[in-house]
Amino acid sequence: MRFQVDFVEGSRIALRSLRAHRLRTVLTTLGVGIGVSTLLAILGITQGLDTSFANQLASIGSSSLYVTKMPWVQLGNWWQFRNRKDLDLSHMEAIRAQSTYAVAVCPMIDRAENVSFLGSELQRVQVVGTTPEYLAVSGFEVAQGRFLTEADDGALRNVAVLGMDIVDTLFPHSNPIGVTVRLGNRPFNVIGTLSRKGKILDQSQDLLVVIPFRSAAAQFGRRRGIAIGVAVESPLMMDPAEDQLVGVLRRARGTPPEKPDDFAINRPEQLASTYEQLTGALFGVAVGIGFITLLVGGIGIMNIMLVSVRERTREIGLRRALGARKRTIVVQFVLEAVVVSAVGGLLGTVVGLGGAKLISEITPLAATVRPLTVLFGVSFAAAVGLLFGIWPAARAANLDPVEALRYE
Amino acid sequence: MALIELEAVTRTYQVGTESVRALRGVCLKVSRGEWLAVVGQSGSGKSTLMNVIGCLDTASSGRYRLNGHDVSHLSDDELADIRNREIGFVFQTFQLLPRETALANVELPLVYRGLGARERRERARAALEKVKLADRMAHRPNELSGGQRQRVAIARALVTEPSLLLADEPTGNLDSATGEEIIRLFEELHRMGHTLLLVTHEPRLAARCPRAVRLSDGEIISDGPGREVALQNLRDDPRLAAPEPR
Ligand SMILES: Nc1ncnc2c1ncn2[C@@H]1O[C@H](COP(=O)(O)OP(=O)(O)OP(=O)(O)O)[C@@H](O)[C@H]1O
Ligand SMILES: [Mg+2]
């Protein structure tokens with residue numbers, strides 16, 4: 001019976017009052033709605049990023065190490081890396097001879113070149129000069145034709161293996177094997193294609209051309225030193241393999257014991273941790289903004305509720321005189337706040353999901369939305385209403401009935 | 001047994017450091033079926049007394065029994081329930097909800113009693129018929145005359161079949177003809193056996209009540225047949241004793 005009085009009657013009164021002040025209701029609703037939609041869009045996008053990134057990471061080939069002069073992820077002063085000695089083939093040979101974990105080792109030099117065939121051209125494509133073992137290090141598979149051989153390298157043949165993006169663009173309807181393409185203005189004979197790996201963080205991994213190491217060195221010059229790819233027998237051996245590599249390289253490079261390493265050993269997972277740092281911070285900031293928006297919405301609700309309570313002071317006094325208990329008054333006003341914010345939450349959810357969807361349509365960012373997120377949005381909004389409605393409602397209930405009835 | 005029994009009731013307001021003694025030891029007994037007028041100058045404590053009797057306010061000291069029950073130490077919820085069941089209020093300014101129809105306004109106290117919609121409607125309709133507003137049930141307050149509004153308010157006070165009807169200056173916002181209409185209604189309710197307490201500063205009204213008490217400075221200074229108390233009030237009122245020249 002009390003439930004009927006408190007909730008049924010409370011909701012009726014709340015809805016009535018909301019209908020009576022439509023504009024005010026809409027504006028208040030908007031405040032919460034914007035907060036919820038911001039929060040949801042952000043959640044949707046970061047969730048989407050996470051999912052697609054996890055998929056992408058799996059494609060890198062997770063049991064390889066890459067030795068470079070400068071680390072992939074540079075934290076701190078770039079200058080400290082600049083004076084390092086380049087890596088060269090002798091370092092690679094040292095690894096090949098001494099590392100017990102390495103199952104494949106390859107040198108790599110790369111350079112951006114325009115790739116053209118007949119009239120079509122792809123600009124600034126990564127051209128990698130390397131050896132046959134690159135296949136094992138990179139985790140690529142041969143899709144068509146064959147990969148580089150020792151003979152290609154030894155004879156400095158101008159042969160090329162194409163990534164799938166090149167095939168898609170330059171040979172949409174034909175077979176590239178045996179065809180001559182131009183890297184810059186030099187002709188290369190296509191001997192094979194690489195299976196598709198997909199994108200990582202919106203970077204395609206398939207936009208590359210692989211050519212023999214020595215051909216590349218001859219064509220591009222070898223001023224810049226090399227990178228060394230090392231395939232480790234299993235992902236579990238990455239840590240000992242890395243430790244061993246450090247020792248091998250320090251010895252090969254004659255690094256004095258008191259000096260830090262003058263080279264970098266990179267792992268694809270580093271990308272993951274960088275990504276996590278980056279998106280973690282982004283996520284934090286974005287969620288923070290969402291919460292602040294909600295807070296503003298909540299304060300809006302509180303403000304409106306205080307106005308509503310003041311406006312209806314005499315009504316409250318009257319209801320109390322006619323037998324409404326304090327709790328009944330509290331429920332009436334809290335319900336009013338909760339209804340406004342839940343409606344706002346629902347609206348915000350729709351807009352937020354729509355926004356996330358739109359963003360995933362028009363930008364490369366992927367957005368996924370879990371059903372739980374929707375529930376979260378609406379209940380979060382309702383909670384905001386509850387939180388910010390309680391104080392005004394308590395004020396209403398604690399009004400002295402005599403004073404309230406006399407209020408002008 | 002008396003319906004209302006006040007023993008040495010005081011009500012003190014704290015205003016800053018000063019305390020205002022609005023009631024100073026009021027003793028009063030009212031029996032069922034009585035019609036009592038409360039008169040006195042402005043500020044003499046009439047409304048305060050009315051609020052204490054109506055359980056809207058509580059006495060600072062003394063004892064108040066309603067229907068034999070001491071209400072001095074009841075909780076807020078219990079007082080709310082007593083107001084709902086035992087008391088019908090009629091206010092000078094009607095206090096109707098402007099957005100609701102006459103019928104919905106009259107139903108309101110029944111909502112807080114927890115009655116179902118159908119029973120509420122029937123009883124509200126009956127109460128409106130009692131005050132002869134059966135044809136105005138769907139009207140909102142702004143579509144009603146002052147007298148009609150006050151009759152809606154009286155219907156709302158009657159609808160719970162309270163032990164006691166309290167009216168604080170119910171004709172204060174009405175012209176004399178409409179006021180008369182309301183007083184007639186009270187007379188009729190009195191005949192029907194309702195217990196009425198009417199606060200008024202119009203001696204003319206008090207004179208028509210079977211019994212009246214007169215308050216001065218928070219104390220009852222006379223208690224007797226309405227006519228006598230009203231006359232006495234007239235004699236003592238300085239404004240009436242020496243009317244200002246127009
Ligand atoms: N909330 C309050 N705080 C402080 N003093 C109050 C309060 N309410 C009433 N008083 C004081 O108590 C005294 C009695 O007030 P009350 O309203 O009962 O007078 P009244 O007889 O109803 O007057 P009127 O005929 O003008 O309505 C007055 O002196 C008033 O100033
Ligand atoms: Mg008064």
# chains A, B, ... in the order shown; residues from 1 in each chain; ligands from 1
call {"tool": "residues_near_ligand", "arguments": {"ligand": "ligand 1", "cutoff": "7 Å", "atoms": "only C-alpha atoms and all ligand atoms", "output": "NGL selection string"}}
result
(:A and (403)) or (:B and (13-15 or 20-22 or 40-49 or 201))
call {"tool": "residues_around", "arguments": {"residues": "stretch 94-103 of chain A", "least_positions_apart": "4", "cutoff": "7 Å", "atoms": "only C-alpha atoms", "output": "list in words"}}
result
Ser90, Val230, Ala231, Val232, Glu233, Ala241, Gln244, Leu245, Val248 and Ala252 of chain A
call {"tool": "write_last_selection", "arguments": {"atoms": "N, CA, C and O atoms", "output": "short mmCIF file (atom, residue, chain, number, x, y, z; two decimals), in the first residue's frame"}}
result
data_model
loop_
_atom_site.label_atom_id
_atom_site.label_comp_id
_atom_site.auth_asym_id
_atom_site.auth_seq_id
_atom_site.Cartn_x
_atom_site.Cartn_y
_atom_site.Cartn_z
N SER A 90 78.57 -7.83 -40.14
CA SER A 90 79.39 -8.59 -39.20
C SER A 90 78.61 -8.87 -37.92
O SER A 90 78.73 -9.92 -37.30
N VAL A 230 65.65 -11.36 -36.20
CA VAL A 230 66.00 -12.64 -35.61
C VAL A 230 64.72 -13.39 -35.25
O VAL A 230 63.92 -12.89 -34.46
N ALA A 231 64.50 -14.56 -35.84
CA ALA A 231 63.35 -15.38 -35.44
C ALA A 231 63.80 -16.30 -34.32
O ALA A 231 64.85 -16.93 -34.41
N VAL A 232 63.02 -16.30 -33.25
CA VAL A 232 63.34 -17.13 -32.08
C VAL A 232 62.49 -18.39 -32.15
O VAL A 232 61.37 -18.35 -32.67
N GLU A 233 63.00 -19.49 -31.60
CA GLU A 233 62.31 -20.76 -31.83
C GLU A 233 60.89 -20.78 -31.29
O GLU A 233 60.01 -21.42 -31.84
N ALA A 241 66.43 -15.21 -25.23
CA ALA A 241 67.01 -14.89 -26.54
C ALA A 241 67.48 -13.45 -26.56
O ALA A 241 68.57 -13.14 -27.05
N GLN A 244 70.62 -13.05 -24.48
CA GLN A 244 71.77 -13.58 -25.20
C GLN A 244 72.22 -12.62 -26.30
O GLN A 244 73.41 -12.35 -26.45
N LEU A 245 71.24 -12.09 -27.03
CA LEU A 245 71.57 -11.15 -28.11
C LEU A 245 72.33 -9.95 -27.59
O LEU A 245 73.28 -9.48 -28.23
N VAL A 248 75.90 -10.99 -27.15
CA VAL A 248 76.55 -11.21 -28.45
C VAL A 248 76.88 -9.89 -29.11
O VAL A 248 78.00 -9.65 -29.59
N ALA A 252 80.41 -8.14 -30.11
CA ALA A 252 80.69 -7.91 -31.53
C ALA A 252 80.98 -6.44 -31.79
O ALA A 252 81.79 -6.11 -32.64
#
call {"tool": "atom_distance", "arguments": {"atom1": "atom CA of A:Phe147", "atom2": "atom CA of A:His91"}}
result
24.4 Å
call {"tool": "interface_residues", "arguments": {"of": "chain B", "to": "chain A", "cutoff": "12 Å", "atoms": "only C-alpha atoms", "output": "MDAnalysis selection string"}}
result
chainID B and resid 47:52 54:58 75:100 104:117 153 156:160 162 166
call {"tool": "select_by_dssp", "arguments": {"residues": "stretch 45-102 of chain B", "states": "alpha helix (DSSP H)", "output": "number ranges by chain"}}
result
B: 46-53, 76-86, 102
call {"tool": "write_last_selection", "arguments": {"atoms": "N, CA, C and O atoms", "output": "PDB file, in the first residue's frame"}}
result
ATOM      1  N   LYS B  46      -3.566  32.925  16.917  1.00  0.00           N
ATOM      2  CA  LYS B  46      -4.669  32.098  16.410  1.00  0.00           C
ATOM      3  C   LYS B  46      -4.168  31.011  15.452  1.00  0.00           C
ATOM      4  O   LYS B  46      -4.501  29.831  15.599  1.00  0.00           O
ATOM      5  N   SER B  47      -3.374  31.439  14.470  1.00  0.00           N
ATOM      6  CA  SER B  47      -2.881  30.461  13.489  1.00  0.00           C
ATOM      7  C   SER B  47      -1.973  29.439  14.150  1.00  0.00           C
ATOM      8  O   SER B  47      -2.013  28.251  13.825  1.00  0.00           O
ATOM      9  N   THR B  48      -1.159  29.917  15.065  1.00  0.00           N
ATOM     10  CA  THR B  48      -0.263  28.997  15.758  1.00  0.00           C
ATOM     11  C   THR B  48      -1.073  27.921  16.476  1.00  0.00           C
ATOM     12  O   THR B  48      -0.778  26.725  16.385  1.00  0.00           O
ATOM     13  N   LEU B  49      -2.128  28.366  17.175  1.00  0.00           N
ATOM     14  CA  LEU B  49      -2.989  27.426  17.889  1.00  0.00           C
ATOM     15  C   LEU B  49      -3.597  26.418  16.913  1.00  0.00           C
ATOM     16  O   LEU B  49      -3.615  25.207  17.155  1.00  0.00           O
ATOM     17  N   MET B  50      -4.079  26.959  15.813  1.00  0.00           N
ATOM     18  CA  MET B  50      -4.711  26.118  14.794  1.00  0.00           C
ATOM     19  C   MET B  50      -3.728  25.074  14.259  1.00  0.00           C
ATOM     20  O   MET B  50      -4.088  23.908  14.075  1.00  0.00           O
ATOM     21  N   ASN B  51      -2.489  25.496  14.039  1.00  0.00           N
ATOM     22  CA  ASN B  51      -1.484  24.563  13.508  1.00  0.00           C
ATOM     23  C   ASN B  51      -1.137  23.480  14.521  1.00  0.00           C
ATOM     24  O   ASN B  51      -0.916  22.330  14.147  1.00  0.00           O
ATOM     25  N   VAL B  52      -1.102  23.874  15.785  1.00  0.00           N
ATOM     26  CA  VAL B  52      -0.810  22.868  16.803  1.00  0.00           C
ATOM     27  C   VAL B  52      -1.963  21.865  16.856  1.00  0.00           C
ATOM     28  O   VAL B  52      -1.755  20.647  16.862  1.00  0.00           O
ATOM     29  N   ILE B  53      -3.190  22.387  16.877  1.00  0.00           N
ATOM     30  CA  ILE B  53      -4.347  21.489  16.937  1.00  0.00           C
ATOM     31  C   ILE B  53      -4.389  20.590  15.703  1.00  0.00           C
ATOM     32  O   ILE B  53      -4.740  19.415  15.777  1.00  0.00           O
ATOM     33  N   ASP B  76       7.169  12.031  13.029  1.00  0.00           N
ATOM     34  CA  ASP B  76       6.725  12.817  11.884  1.00  0.00           C
ATOM     35  C   ASP B  76       5.736  12.038  11.011  1.00  0.00           C
ATOM     36  O   ASP B  76       4.731  12.579  10.565  1.00  0.00           O
ATOM     37  N   ASP B  77       6.032  10.776  10.793  1.00  0.00           N
ATOM     38  CA  ASP B  77       5.140   9.945   9.971  1.00  0.00           C
ATOM     39  C   ASP B  77       3.782   9.759  10.640  1.00  0.00           C
ATOM     40  O   ASP B  77       2.742   9.816   9.990  1.00  0.00           O
ATOM     41  N   GLU B  78       3.816   9.540  11.946  1.00  0.00           N
ATOM     42  CA  GLU B  78       2.547   9.346  12.658  1.00  0.00           C
ATOM     43  C   GLU B  78       1.706  10.613  12.602  1.00  0.00           C
ATOM     44  O   GLU B  78       0.484  10.556  12.420  1.00  0.00           O
ATOM     45  N   LEU B  79       2.366  11.759  12.737  1.00  0.00           N
ATOM     46  CA  LEU B  79       1.636  13.023  12.649  1.00  0.00           C
ATOM     47  C   LEU B  79       1.028  13.191  11.261  1.00  0.00           C
ATOM     48  O   LEU B  79      -0.108  13.651  11.123  1.00  0.00           O
ATOM     49  N   ALA B  80       1.798  12.788  10.238  1.00  0.00           N
ATOM     50  CA  ALA B  80       1.274  12.882   8.871  1.00  0.00           C
ATOM     51  C   ALA B  80       0.018  12.024   8.738  1.00  0.00           C
ATOM     52  O   ALA B  80      -0.980  12.443   8.139  1.00  0.00           O
ATOM     53  N   ASP B  81       0.057  10.840   9.312  1.00  0.00           N
ATOM     54  CA  ASP B  81      -1.111   9.972   9.222  1.00  0.00           C
ATOM     55  C   ASP B  81      -2.299  10.560   9.985  1.00  0.00           C
ATOM     56  O   ASP B  81      -3.445  10.454   9.538  1.00  0.00           O
ATOM     57  N   ILE B  82      -2.026  11.178  11.135  1.00  0.00           N
ATOM     58  CA  ILE B  82      -3.120  11.796  11.893  1.00  0.00           C
ATOM     59  C   ILE B  82      -3.738  12.936  11.092  1.00  0.00           C
ATOM     60  O   ILE B  82      -4.959  13.060  10.999  1.00  0.00           O
ATOM     61  N   ARG B  83      -2.882  13.735  10.473  1.00  0.00           N
ATOM     62  CA  ARG B  83      -3.425  14.829   9.642  1.00  0.00           C
ATOM     63  C   ARG B  83      -4.300  14.257   8.549  1.00  0.00           C
ATOM     64  O   ARG B  83      -5.345  14.814   8.207  1.00  0.00           O
ATOM     65  N   ASN B  84      -3.856  13.152   8.008  1.00  0.00           N
ATOM     66  CA  ASN B  84      -4.612  12.563   6.912  1.00  0.00           C
ATOM     67  C   ASN B  84      -5.965  12.024   7.371  1.00  0.00           C
ATOM     68  O   ASN B  84      -6.964  12.184   6.682  1.00  0.00           O
ATOM     69  N   ARG B  85      -5.984  11.395   8.531  1.00  0.00           N
ATOM     70  CA  ARG B  85      -7.215  10.712   8.957  1.00  0.00           C
ATOM     71  C   ARG B  85      -8.136  11.571   9.795  1.00  0.00           C
ATOM     72  O   ARG B  85      -9.359  11.462   9.692  1.00  0.00           O
ATOM     73  N   GLU B  86      -7.544  12.411  10.663  1.00  0.00           N
ATOM     74  CA  GLU B  86      -8.368  13.076  11.671  1.00  0.00           C
ATOM     75  C   GLU B  86      -8.675  14.530  11.348  1.00  0.00           C
ATOM     76  O   GLU B  86      -9.601  15.094  11.908  1.00  0.00           O
ATOM     77  N   ALA B 102     -10.842  19.988 -10.143  1.00  0.00           N
ATOM     78  CA  ALA B 102     -11.459  20.010  -8.818  1.00  0.00           C
ATOM     79  C   ALA B 102     -11.507  18.598  -8.250  1.00  0.00           C
ATOM     80  O   ALA B 102     -11.162  18.365  -7.088  1.00  0.00           O
TER      81      ALA B 102
END
call {"tool": "select_by_dssp", "arguments": {"residues": "stretch 5-174 of chain A", "states": "strand (DSSP E or B)", "output": "number ranges by chain"}}
result
A: 64-68, 102-117, 120-130, 142-145, 159-162
call {"tool": "write_last_selection", "arguments": {"atoms": "N, CA, C and O atoms", "output": "compact mmCIF listing (two decimals), in the first residue's frame"}}
result
# COMPACT_ATOMS: atom_id res chain seq x y z
N SER A 64 59.60 -12.87 -33.04
CA SER A 64 60.80 -12.31 -33.68
C SER A 64 61.29 -11.10 -32.92
O SER A 64 60.52 -10.37 -32.31
N LEU A 65 62.61 -10.93 -32.99
CA LEU A 65 63.23 -9.74 -32.41
C LEU A 65 63.87 -8.97 -33.55
O LEU A 65 64.34 -9.55 -34.52
N TYR A 66 63.87 -7.65 -33.39
CA TYR A 66 64.47 -6.83 -34.44
C TYR A 66 65.53 -5.97 -33.80
O TYR A 66 65.24 -5.20 -32.87
N VAL A 67 66.78 -6.14 -34.29
CA VAL A 67 67.88 -5.35 -33.74
C VAL A 67 68.04 -4.12 -34.62
O VAL A 67 68.13 -4.24 -35.85
N THR A 68 68.04 -2.96 -33.99
CA THR A 68 68.19 -1.72 -34.76
C THR A 68 69.14 -0.80 -34.04
O THR A 68 69.44 -1.00 -32.86
N ALA A 102 68.29 -18.36 -31.92
CA ALA A 102 67.85 -17.86 -33.22
C ALA A 102 67.65 -19.02 -34.19
O ALA A 102 68.50 -19.89 -34.32
N VAL A 103 66.49 -19.05 -34.84
CA VAL A 103 66.27 -20.07 -35.87
C VAL A 103 66.41 -19.47 -37.26
O VAL A 103 66.58 -20.19 -38.23
N ALA A 104 66.32 -18.17 -37.37
CA ALA A 104 66.53 -17.51 -38.66
C ALA A 104 67.03 -16.11 -38.39
O ALA A 104 66.60 -15.46 -37.44
N VAL A 105 67.96 -15.65 -39.17
CA VAL A 105 68.51 -14.31 -39.01
C VAL A 105 68.58 -13.68 -40.39
O VAL A 105 68.99 -14.32 -41.36
N CYS A 106 68.15 -12.42 -40.50
CA CYS A 106 68.24 -11.78 -41.81
C CYS A 106 68.62 -10.32 -41.66
O CYS A 106 68.26 -9.68 -40.68
N PRO A 107 69.39 -9.79 -42.60
CA PRO A 107 69.66 -8.36 -42.60
C PRO A 107 68.52 -7.64 -43.31
O PRO A 107 67.83 -8.25 -44.13
N MET A 108 68.31 -6.41 -42.96
CA MET A 108 67.25 -5.66 -43.64
C MET A 108 67.72 -4.24 -43.85
O MET A 108 68.24 -3.59 -42.94
N ILE A 109 67.56 -3.77 -45.09
CA ILE A 109 67.67 -2.33 -45.29
C ILE A 109 66.39 -1.93 -45.98
O ILE A 109 65.80 -2.70 -46.74
N ASP A 110 65.90 -0.77 -45.65
CA ASP A 110 64.67 -0.39 -46.35
C ASP A 110 64.72 1.06 -46.78
O ASP A 110 65.54 1.87 -46.31
N ARG A 111 63.84 1.34 -47.69
CA ARG A 111 63.87 2.64 -48.32
C ARG A 111 62.53 2.83 -49.00
O ARG A 111 61.90 1.85 -49.42
N ALA A 112 62.07 4.08 -49.05
CA ALA A 112 60.78 4.33 -49.70
C ALA A 112 61.01 4.60 -51.19
O ALA A 112 61.85 5.41 -51.55
N GLU A 113 60.29 3.87 -52.04
CA GLU A 113 60.41 4.06 -53.49
C GLU A 113 59.03 4.09 -54.11
O GLU A 113 58.08 3.49 -53.57
N ASN A 114 58.92 4.74 -55.23
CA ASN A 114 57.67 4.67 -55.97
C ASN A 114 57.68 3.38 -56.78
O ASN A 114 58.68 3.04 -57.41
N VAL A 115 56.56 2.67 -56.73
CA VAL A 115 56.46 1.42 -57.47
C VAL A 115 55.48 1.63 -58.61
O VAL A 115 54.36 2.09 -58.39
N SER A 116 55.90 1.30 -59.84
CA SER A 116 54.97 1.56 -60.95
C SER A 116 54.92 0.37 -61.91
O SER A 116 55.86 -0.42 -62.02
N PHE A 117 53.78 0.26 -62.51
CA PHE A 117 53.58 -0.76 -63.54
C PHE A 117 52.67 -0.17 -64.59
O PHE A 117 51.56 0.29 -64.26
N SER A 120 50.14 2.83 -63.82
CA SER A 120 49.80 3.08 -62.41
C SER A 120 51.06 3.11 -61.55
O SER A 120 52.05 2.45 -61.82
N GLU A 121 50.96 3.92 -60.51
CA GLU A 121 52.10 4.09 -59.63
C GLU A 121 51.65 4.14 -58.17
O GLU A 121 50.60 4.71 -57.86
N LEU A 122 52.41 3.53 -57.29
CA LEU A 122 52.20 3.66 -55.85
C LEU A 122 53.39 4.41 -55.31
O LEU A 122 54.53 4.06 -55.59
N GLN A 123 53.12 5.46 -54.54
CA GLN A 123 54.24 6.29 -54.10
C GLN A 123 54.75 5.90 -52.74
O GLN A 123 53.98 5.47 -51.87
N ARG A 124 56.03 6.07 -52.60
CA ARG A 124 56.71 5.87 -51.31
C ARG A 124 56.33 4.56 -50.64
O ARG A 124 55.85 4.51 -49.52
N VAL A 125 56.57 3.51 -51.36
CA VAL A 125 56.32 2.17 -50.83
C VAL A 125 57.59 1.71 -50.13
O VAL A 125 58.71 2.01 -50.57
N GLN A 126 57.40 0.99 -49.01
CA GLN A 126 58.56 0.47 -48.31
C GLN A 126 59.17 -0.68 -49.13
O GLN A 126 58.52 -1.67 -49.40
N VAL A 127 60.43 -0.49 -49.53
CA VAL A 127 61.14 -1.54 -50.25
C VAL A 127 62.16 -2.12 -49.28
O VAL A 127 62.98 -1.39 -48.73
N VAL A 128 62.07 -3.41 -49.00
CA VAL A 128 62.95 -4.05 -48.04
C VAL A 128 63.96 -4.91 -48.80
O VAL A 128 63.59 -5.76 -49.59
N GLY A 129 65.23 -4.64 -48.54
CA GLY A 129 66.26 -5.52 -49.09
C GLY A 129 66.66 -6.51 -48.03
O GLY A 129 67.06 -6.13 -46.94
N THR A 130 66.52 -7.80 -48.33
CA THR A 130 66.78 -8.79 -47.29
C THR A 130 67.14 -10.13 -47.91
O THR A 130 67.38 -10.21 -49.14
N VAL A 142 54.27 -17.14 -48.58
CA VAL A 142 54.24 -16.86 -50.02
C VAL A 142 52.85 -17.18 -50.54
O VAL A 142 52.31 -18.25 -50.27
N ALA A 143 52.26 -16.22 -51.21
CA ALA A 143 50.92 -16.46 -51.74
C ALA A 143 51.00 -17.07 -53.14
O ALA A 143 50.33 -18.04 -53.46
N GLN A 144 51.85 -16.49 -53.96
CA GLN A 144 51.99 -16.95 -55.35
C GLN A 144 53.46 -16.93 -55.69
O GLN A 144 54.22 -16.13 -55.12
N GLY A 145 53.86 -17.74 -56.63
CA GLY A 145 55.25 -17.72 -57.09
C GLY A 145 56.17 -18.23 -56.01
O GLY A 145 55.84 -19.13 -55.26
N VAL A 159 65.02 -8.93 -58.73
CA VAL A 159 63.72 -9.61 -58.62
C VAL A 159 63.01 -9.05 -57.40
O VAL A 159 63.63 -8.52 -56.49
N ALA A 160 61.68 -9.15 -57.40
CA ALA A 160 60.88 -8.55 -56.32
C ALA A 160 59.72 -9.45 -55.94
O ALA A 160 59.13 -10.12 -56.78
N VAL A 161 59.45 -9.45 -54.62
CA VAL A 161 58.25 -10.13 -54.11
C VAL A 161 57.32 -9.03 -53.60
O VAL A 161 57.74 -8.15 -52.84
N LEU A 162 56.08 -9.07 -54.02
CA LEU A 162 55.17 -7.96 -53.74
C LEU A 162 54.22 -8.25 -52.59
O LEU A 162 53.68 -9.36 -52.48
call {"tool": "residues_around", "arguments": {"residues": "A:Gly348", "least_positions_apart": "6", "cutoff": "6 Å", "atoms": "only C-alpha atoms", "output": "VMD selection string"}}
result
chain A and resid 33 to 34 36 to 37
call {"tool": "write_last_selection", "arguments": {"atoms": "C-alpha atoms", "output": "compact mmCIF listing (two decimals), in the first residue's frame"}}
result
# COMPACT_ATOMS: atom_id res chain seq x y z
CA GLY A 33 22.21 13.02 -22.63
CA ILE A 34 25.35 14.75 -23.82
CA VAL A 36 26.14 9.79 -21.53
CA SER A 37 26.62 9.99 -25.27
call {"tool": "residues_around", "arguments": {"residues": "A:Ile42", "least_positions_apart": "5", "cutoff": "8 Å", "atoms": "only C-alpha atoms", "output": "MDAnalysis selection string"}}
result
chainID A and resid 283 286:287 356
call {"tool": "atom_distance", "arguments": {"atom1": "atom CA of B:Leu74", "atom2": "atom CA of A:Val331"}}
result
22.4 Å
call {"tool": "residues_around", "arguments": {"residues": "A:Ser215", "least_positions_apart": "4", "cutoff": "7 Å", "atoms": "only C-alpha atoms", "output": "list of chain:residue names"}}
result
A:Asp153, A:Leu156, A:Arg157, A:Asn158, A:Gln219
call {"tool": "atom_distance", "arguments": {"atom1": "atom CA of B:Leu215", "atom2": "atom CA of B:Pro170"}}
result
18.1 Å
call {"tool": "residues_around", "arguments": {"residues": "stretch 231-236 of chain B", "least_positions_apart": "3", "cutoff": "12 Å", "atoms": "only C-alpha atoms", "output": "PyMOL selection string"}}
result
chain B and resi 38-41+200-208+212-216+221-228+239-243
call {"tool": "closest_residue", "arguments": {"among": "B:Val199, B:Ala126, B:Leu3, B:Leu165", "to": "ligand 2", "atoms": "only C-alpha atoms and all ligand atoms"}}
result
B:Val199
call {"tool": "residues_around", "arguments": {"residues": "B:Leu103", "least_positions_apart": "6", "cutoff": "10 Å", "atoms": "only C-alpha atoms", "output": "ChimeraX atom specification"}}
result
/B:120-125,127-128,133-134,136-140,152,155-156
